Amino acid sequence: MVETVQWTGSGVVMIDQTKLPRVEEFVTCATYLEVAHAIRTMVVRGAPAIGVSAAMGVALGVLKADPGNLDSEFETICSTLAATRPTAVNLFWAIDRMKRLYAAMKGRPIEEIRAAMVAEAQAVYREDIAINRAIGAFGAPLVPDGKTVLTHCNAGALATAGFGTALGVIRAAVEAGKKIDVFSDETRPFLQGARLTVWELQQDGIPVKLITDNMAGHFLKSGRIGCVVVGADRIARNGDVANKVGTYGVAVLARENNVPFYVAAPISTLDLTLASGDEIPIEERPASEVTEVFGVPVAPSGTEVENPAFDVTPNRYVT
Ligand code: MRU
């Protein structure tokens, strides 16, 4: 399975998700600023993968920080990483975890602090894979045998430290011997479904068909889809779910057609400080993502655009 993000002796190595599936290229982030840039530009994306990368970014920053100015540099490292993307709460969860450890290490020798930071980032990575395996084990029994699973965006190994959340459920169902195939929404405008989910499932030999986002209703009505499984970027206290824009529409269409709609997510995606999904900050991304496809204009020049990267599915639609 693909190594999405890894801690190595030379820095944090990530597969460049802006280039997949055309080019399989790995980038090495040697500084926390390079990790922040990679998160902002979506070289690495997907809520848990963003969290793991941020934890590694903090560790990298502390490794290279001036011991004489550590507290102030630590603050800058954390605030820079926190300012990269606003919606996926796993980012803030991971930074808070590193902050708690840093506070607990106060007054200890710099080498001990550095070693502890690196060990914590590696623990976040390892735990994420174990959590995804557990999500898969919980979710697999819910997947109807002999049917198609519909998913939106990419909530796979590429969006996590490995195995995936929504795709983890699908992988676990396949491992359990279920005969299923997958429909992947293409997920305009960034095309995570077309570029990443299809690529990832093909690598594993899991049968997958690509559909455009506007075909989901047609297939949900057809009786072929046994369930929908998606990931999440932030889940409010009442169970409202922020996920890739378009998820809400799929959820409503699933309910209309009596197809179960499941959300697969780790505890680090829960934000119990927010009463409902109305309070979840929604990232607005550049207009060019909508007006262009791979740099080729698909709308008249000067076209005005709105480009929210996420939407919120009310809890009542989540099975
Ligand atoms: O903008 P992205 O690609 O980071 O958005 C990703 C999603 O919306 C995923 O569905 C979500 O992060 C869950 S990933 C396990």
# chains A, B, ... in the order shown; residues from 1 in each chain; ligands from 1
>>> closest_atom_pairs(of="chain A", to="ligand 1", cutoff="9 Å", atoms="only C-alpha atoms and all ligand atoms", output="tab-separated table")
residue	atom	partner	partner_atom_place_in_ligand_line	distance
A:Ile39	CA	ligand 1	4 (O)	8.7
A:Met42	CA	ligand 1	4 (O)	6.9
A:Val44	CA	ligand 1	4 (O)	7.7
A:Arg45	CA	ligand 1	4 (O)	4.0
A:Gly46	CA	ligand 1	12 (O)	3.6
A:Ala47	CA	ligand 1	12 (O)	3.7
A:Pro48	CA	ligand 1	15 (C)	5.8
A:Ala49	CA	ligand 1	14 (S)	7.5
A:Ile50	CA	ligand 1	4 (O)	7.6
A:Arg85	CA	ligand 1	4 (O)	8.6
A:Thr87	CA	ligand 1	4 (O)	8.8
A:Ala88	CA	ligand 1	12 (O)	6.5
A:Asn90	CA	ligand 1	12 (O)	8.9
A:Asn132	CA	ligand 1	15 (C)	8.9
A:His152	CA	ligand 1	10 (O)	6.9
A:Cys153	CA	ligand 1	10 (O)	5.3
A:Asn154	CA	ligand 1	10 (O)	5.4
A:Ala155	CA	ligand 1	15 (C)	3.7
A:Gly156	CA	ligand 1	15 (C)	5.9
A:Ala157	CA	ligand 1	15 (C)	7.9
A:Leu158	CA	ligand 1	15 (C)	8.2
A:Ala159	CA	ligand 1	14 (S)	4.7
A:Thr160	CA	ligand 1	15 (C)	5.7
A:Gly164	CA	ligand 1	15 (C)	5.8
A:Thr165	CA	ligand 1	15 (C)	5.0
A:Ala166	CA	ligand 1	15 (C)	6.7
A:Leu167	CA	ligand 1	15 (C)	8.2
A:Phe190	CA	ligand 1	3 (O)	7.5
A:Leu191	CA	ligand 1	3 (O)	8.7
A:Gln192	CA	ligand 1	3 (O)	6.3
A:Val230	CA	ligand 1	10 (O)	6.2
A:Gly231	CA	ligand 1	13 (C)	3.9
A:Ala232	CA	ligand 1	13 (C)	4.2
A:Asp233	CA	ligand 1	12 (O)	4.6
A:Arg234	CA	ligand 1	12 (O)	8.3
A:Ala242	CA	ligand 1	8 (O)	7.8
A:Asn243	CA	ligand 1	8 (O)	4.4
A:Lys244	CA	ligand 1	8 (O)	3.6
A:Val245	CA	ligand 1	8 (O)	7.3
A:Thr247	CA	ligand 1	8 (O)	8.6
A:Ala264	CA	ligand 1	15 (C)	7.7
A:Ala265	CA	ligand 1	15 (C)	6.7
A:Pro266	CA	ligand 1	15 (C)	8.5
A:Thr269	CA	ligand 1	13 (C)	8.7
A:Glu283	CA	ligand 1	1 (O)	8.7
A:Ala309	CA	ligand 1	1 (O)	6.1
A:Phe310	CA	ligand 1	8 (O)	6.7
>>> write_last_selection(atoms="N, CA and C atoms", output="compact mmCIF listing (two decimals), in the first residue's frame")
# COMPACT_ATOMS: atom_id res chain seq x y z
N ILE A 39 1.03 21.06 3.21
CA ILE A 39 -0.37 20.93 3.65
C ILE A 39 -1.22 21.97 2.92
N MET A 42 -1.82 21.15 -0.68
CA MET A 42 -2.46 19.85 -0.85
C MET A 42 -1.56 18.78 -1.50
N VAL A 44 -0.09 16.99 0.51
CA VAL A 44 -0.69 16.01 1.41
C VAL A 44 -2.05 16.56 1.79
N ARG A 45 -3.08 15.68 1.81
CA ARG A 45 -4.43 16.16 2.13
C ARG A 45 -5.20 14.98 2.73
N GLY A 46 -6.43 15.27 3.18
CA GLY A 46 -7.19 14.26 3.91
C GLY A 46 -6.95 14.48 5.39
N ALA A 47 -8.04 14.54 6.16
CA ALA A 47 -7.94 15.01 7.55
C ALA A 47 -6.89 14.27 8.39
N PRO A 48 -6.91 12.93 8.47
CA PRO A 48 -5.91 12.28 9.33
C PRO A 48 -4.48 12.47 8.80
N ALA A 49 -4.29 12.47 7.49
CA ALA A 49 -2.93 12.66 6.93
C ALA A 49 -2.42 14.06 7.23
N ILE A 50 -3.33 15.03 7.23
CA ILE A 50 -2.94 16.40 7.59
C ILE A 50 -2.49 16.44 9.06
N ARG A 85 -4.75 25.00 6.90
CA ARG A 85 -6.09 24.70 6.39
C ARG A 85 -7.06 24.75 7.58
N THR A 87 -10.49 23.53 8.04
CA THR A 87 -11.67 22.71 8.31
C THR A 87 -11.35 21.40 9.03
N ALA A 88 -10.36 20.67 8.57
CA ALA A 88 -10.06 19.37 9.18
C ALA A 88 -9.53 19.58 10.59
N ASN A 90 -8.45 17.46 12.68
CA ASN A 90 -7.29 16.60 13.00
C ASN A 90 -6.00 17.41 13.03
N ASN A 132 -7.37 3.06 11.83
CA ASN A 132 -8.05 2.79 10.56
C ASN A 132 -8.38 1.31 10.41
N HIS A 152 -17.20 9.16 -1.83
CA HIS A 152 -17.00 10.51 -2.35
C HIS A 152 -15.65 11.01 -1.84
N CYS A 153 -14.92 11.71 -2.69
CA CYS A 153 -13.58 12.21 -2.34
C CYS A 153 -12.61 11.04 -2.17
N ASN A 154 -11.55 11.26 -1.42
CA ASN A 154 -10.63 10.17 -1.09
C ASN A 154 -10.45 10.11 0.41
N ALA A 155 -10.94 9.04 1.00
CA ALA A 155 -10.74 8.79 2.44
C ALA A 155 -10.02 7.46 2.56
N GLY A 156 -8.91 7.37 1.85
CA GLY A 156 -8.15 6.13 1.78
C GLY A 156 -6.80 6.22 2.45
N ALA A 157 -5.89 5.32 2.04
CA ALA A 157 -4.52 5.35 2.56
C ALA A 157 -3.90 6.72 2.30
N LEU A 158 -4.24 7.31 1.16
CA LEU A 158 -3.66 8.60 0.80
C LEU A 158 -4.12 9.73 1.73
N ALA A 159 -5.26 9.54 2.39
CA ALA A 159 -5.82 10.58 3.25
C ALA A 159 -5.48 10.34 4.72
N THR A 160 -4.70 9.30 4.99
CA THR A 160 -4.38 8.89 6.36
C THR A 160 -2.91 8.43 6.40
N GLY A 164 -6.72 3.82 5.44
CA GLY A 164 -7.88 4.67 5.14
C GLY A 164 -9.02 4.48 6.11
N THR A 165 -9.96 5.45 6.07
CA THR A 165 -11.16 5.35 6.91
C THR A 165 -12.29 4.74 6.07
N ALA A 166 -12.87 5.51 5.16
CA ALA A 166 -13.93 4.95 4.30
C ALA A 166 -13.37 3.81 3.45
N LEU A 167 -12.21 4.04 2.84
CA LEU A 167 -11.63 2.95 2.03
C LEU A 167 -11.11 1.83 2.92
N PHE A 190 -11.33 19.31 -7.23
CA PHE A 190 -9.93 18.87 -7.08
C PHE A 190 -9.73 17.44 -7.56
N LEU A 191 -10.85 16.75 -7.83
CA LEU A 191 -10.80 15.41 -8.44
C LEU A 191 -10.12 14.35 -7.57
N GLN A 192 -10.34 14.45 -6.26
CA GLN A 192 -9.75 13.44 -5.37
C GLN A 192 -10.27 12.04 -5.70
N VAL A 230 -18.30 7.39 3.49
CA VAL A 230 -17.42 8.55 3.28
C VAL A 230 -16.60 8.78 4.54
N GLY A 231 -15.58 9.63 4.42
CA GLY A 231 -14.81 10.06 5.58
C GLY A 231 -15.38 11.35 6.13
N ALA A 232 -14.61 12.02 6.99
CA ALA A 232 -15.06 13.29 7.56
C ALA A 232 -13.86 14.17 7.89
N ASP A 233 -14.09 15.46 7.85
CA ASP A 233 -13.05 16.43 8.23
C ASP A 233 -13.28 17.00 9.62
N ARG A 234 -14.54 17.06 10.01
CA ARG A 234 -14.86 17.51 11.37
C ARG A 234 -16.29 17.10 11.68
N ALA A 242 -18.84 17.58 8.61
CA ALA A 242 -18.22 18.30 7.50
C ALA A 242 -17.34 17.32 6.73
N ASN A 243 -17.55 17.27 5.44
CA ASN A 243 -16.69 16.45 4.57
C ASN A 243 -16.63 17.15 3.21
N LYS A 244 -15.88 16.59 2.29
CA LYS A 244 -15.68 17.19 0.97
C LYS A 244 -16.98 17.67 0.35
N VAL A 245 -16.97 18.85 -0.22
CA VAL A 245 -18.17 19.43 -0.82
C VAL A 245 -18.79 18.42 -1.80
N THR A 247 -20.73 15.97 -0.46
CA THR A 247 -21.13 14.87 0.43
C THR A 247 -22.60 15.03 0.85
N ALA A 264 -17.12 7.16 8.21
CA ALA A 264 -16.03 6.43 8.87
C ALA A 264 -14.98 7.45 9.29
N ALA A 265 -14.78 7.60 10.61
CA ALA A 265 -13.83 8.62 11.07
C ALA A 265 -13.26 8.25 12.44
N PRO A 266 -12.03 8.69 12.69
CA PRO A 266 -11.42 8.46 14.01
C PRO A 266 -11.87 9.50 15.03
N THR A 269 -11.27 13.27 14.70
CA THR A 269 -12.09 14.08 13.79
C THR A 269 -13.29 14.68 14.52
N GLU A 283 -13.48 25.96 4.49
CA GLU A 283 -12.39 26.53 3.68
C GLU A 283 -12.89 26.96 2.30
N ALA A 309 -14.66 24.26 -0.05
CA ALA A 309 -14.04 22.93 -0.20
C ALA A 309 -14.83 21.84 0.53
N PHE A 310 -15.72 22.24 1.43
CA PHE A 310 -16.44 21.25 2.25
C PHE A 310 -17.91 21.66 2.37
>>> select_by_dssp(residues="stretch 139-237 of chain A", states="alpha helix (DSSP H)", output="count of residues only")
25
>>> residues_around(residues="A:Gly51", least_positions_apart="5", cutoff="8 Å", atoms="only C-alpha atoms", output="number ranges by chain")
A: 90-95
>>> atom_distance(atom1="atom CA of A:Gly223", atom2="atom CA of A:Val312")
25.5 Å
>>> closest_residue(among="A:Val296, A:Ile211, A:Met56, A:Leu70", to="A:Val198", atoms="only C-alpha atoms")
A:Ile211
>>> residues_around(residues="A:Tyr32", least_positions_apart="4", cutoff="12 Å", atoms="only C-alpha atoms", output="ChimeraX atom specification")
/A:11-12,28,36-39,53-65,73-74,76-82,84
>>> residues_around(residues="A:Leu150", least_positions_apart="5", cutoff="6 Å", atoms="only C-alpha atoms", output="PDB file with all heavy atoms, in the first residue's frame")
ATOM      1  N   VAL A 182     -16.778  -0.824  -6.186  1.00  0.00           N
ATOM      2  CA  VAL A 182     -16.853   0.553  -5.686  1.00  0.00           C
ATOM      3  C   VAL A 182     -17.199   1.501  -6.830  1.00  0.00           C
ATOM      4  O   VAL A 182     -16.692   1.348  -7.943  1.00  0.00           O
ATOM      5  CB  VAL A 182     -15.493   0.965  -5.061  1.00  0.00           C
ATOM      6  CG1 VAL A 182     -15.523   2.421  -4.595  1.00  0.00           C
ATOM      7  CG2 VAL A 182     -15.131   0.037  -3.905  1.00  0.00           C
ATOM      8  N   PHE A 183     -18.083   2.443  -6.543  1.00  0.00           N
ATOM      9  CA  PHE A 183     -18.268   3.603  -7.419  1.00  0.00           C
ATOM     10  C   PHE A 183     -17.592   4.787  -6.737  1.00  0.00           C
ATOM     11  O   PHE A 183     -17.871   5.083  -5.566  1.00  0.00           O
ATOM     12  CB  PHE A 183     -19.752   3.928  -7.607  1.00  0.00           C
ATOM     13  CG  PHE A 183     -20.432   3.134  -8.704  1.00  0.00           C
ATOM     14  CD1 PHE A 183     -19.801   2.075  -9.344  1.00  0.00           C
ATOM     15  CD2 PHE A 183     -21.719   3.466  -9.099  1.00  0.00           C
ATOM     16  CE1 PHE A 183     -20.447   1.353 -10.349  1.00  0.00           C
ATOM     17  CE2 PHE A 183     -22.364   2.754 -10.101  1.00  0.00           C
ATOM     18  CZ  PHE A 183     -21.728   1.697 -10.725  1.00  0.00           C
ATOM     19  N   VAL A 228     -23.423   3.821   1.127  1.00  0.00           N
ATOM     20  CA  VAL A 228     -22.448   4.882   0.872  1.00  0.00           C
ATOM     21  C   VAL A 228     -21.516   4.911   2.081  1.00  0.00           C
ATOM     22  O   VAL A 228     -21.978   4.814   3.218  1.00  0.00           O
ATOM     23  CB  VAL A 228     -23.144   6.259   0.737  1.00  0.00           C
ATOM     24  CG1 VAL A 228     -22.111   7.360   0.491  1.00  0.00           C
ATOM     25  CG2 VAL A 228     -24.195   6.242  -0.369  1.00  0.00           C
TER      26      VAL A 228
END
>>> residues_around(residues="A:Thr148", least_positions_apart="3", cutoff="9 Å", atoms="only C-alpha atoms", output="JSON, numbers by chain")
{"A": [144, 145, 179, 180, 181, 182, 183, 224, 225, 226, 227, 228]}
>>> closest_residue(among="A:Arg188, A:Pro300, A:Pro286, A:Asn257", to="A:Tyr317", atoms="only C-alpha atoms")
A:Asn257
>>> atom_distance(atom1="atom CA of A:Lys106", atom2="atom CA of A:Gly9")
25.4 Å
>>> closest_residue(among="A:Gln202, A:Thr291, A:Asn258, A:Thr319", to="A:Ser184", atoms="only C-alpha atoms")
A:Gln202
>>> closest_residue(among="A:Phe261, A:Gly136, A:Ala103, A:Val43", to="A:Asp16", atoms="only C-alpha atoms")
A:Val43
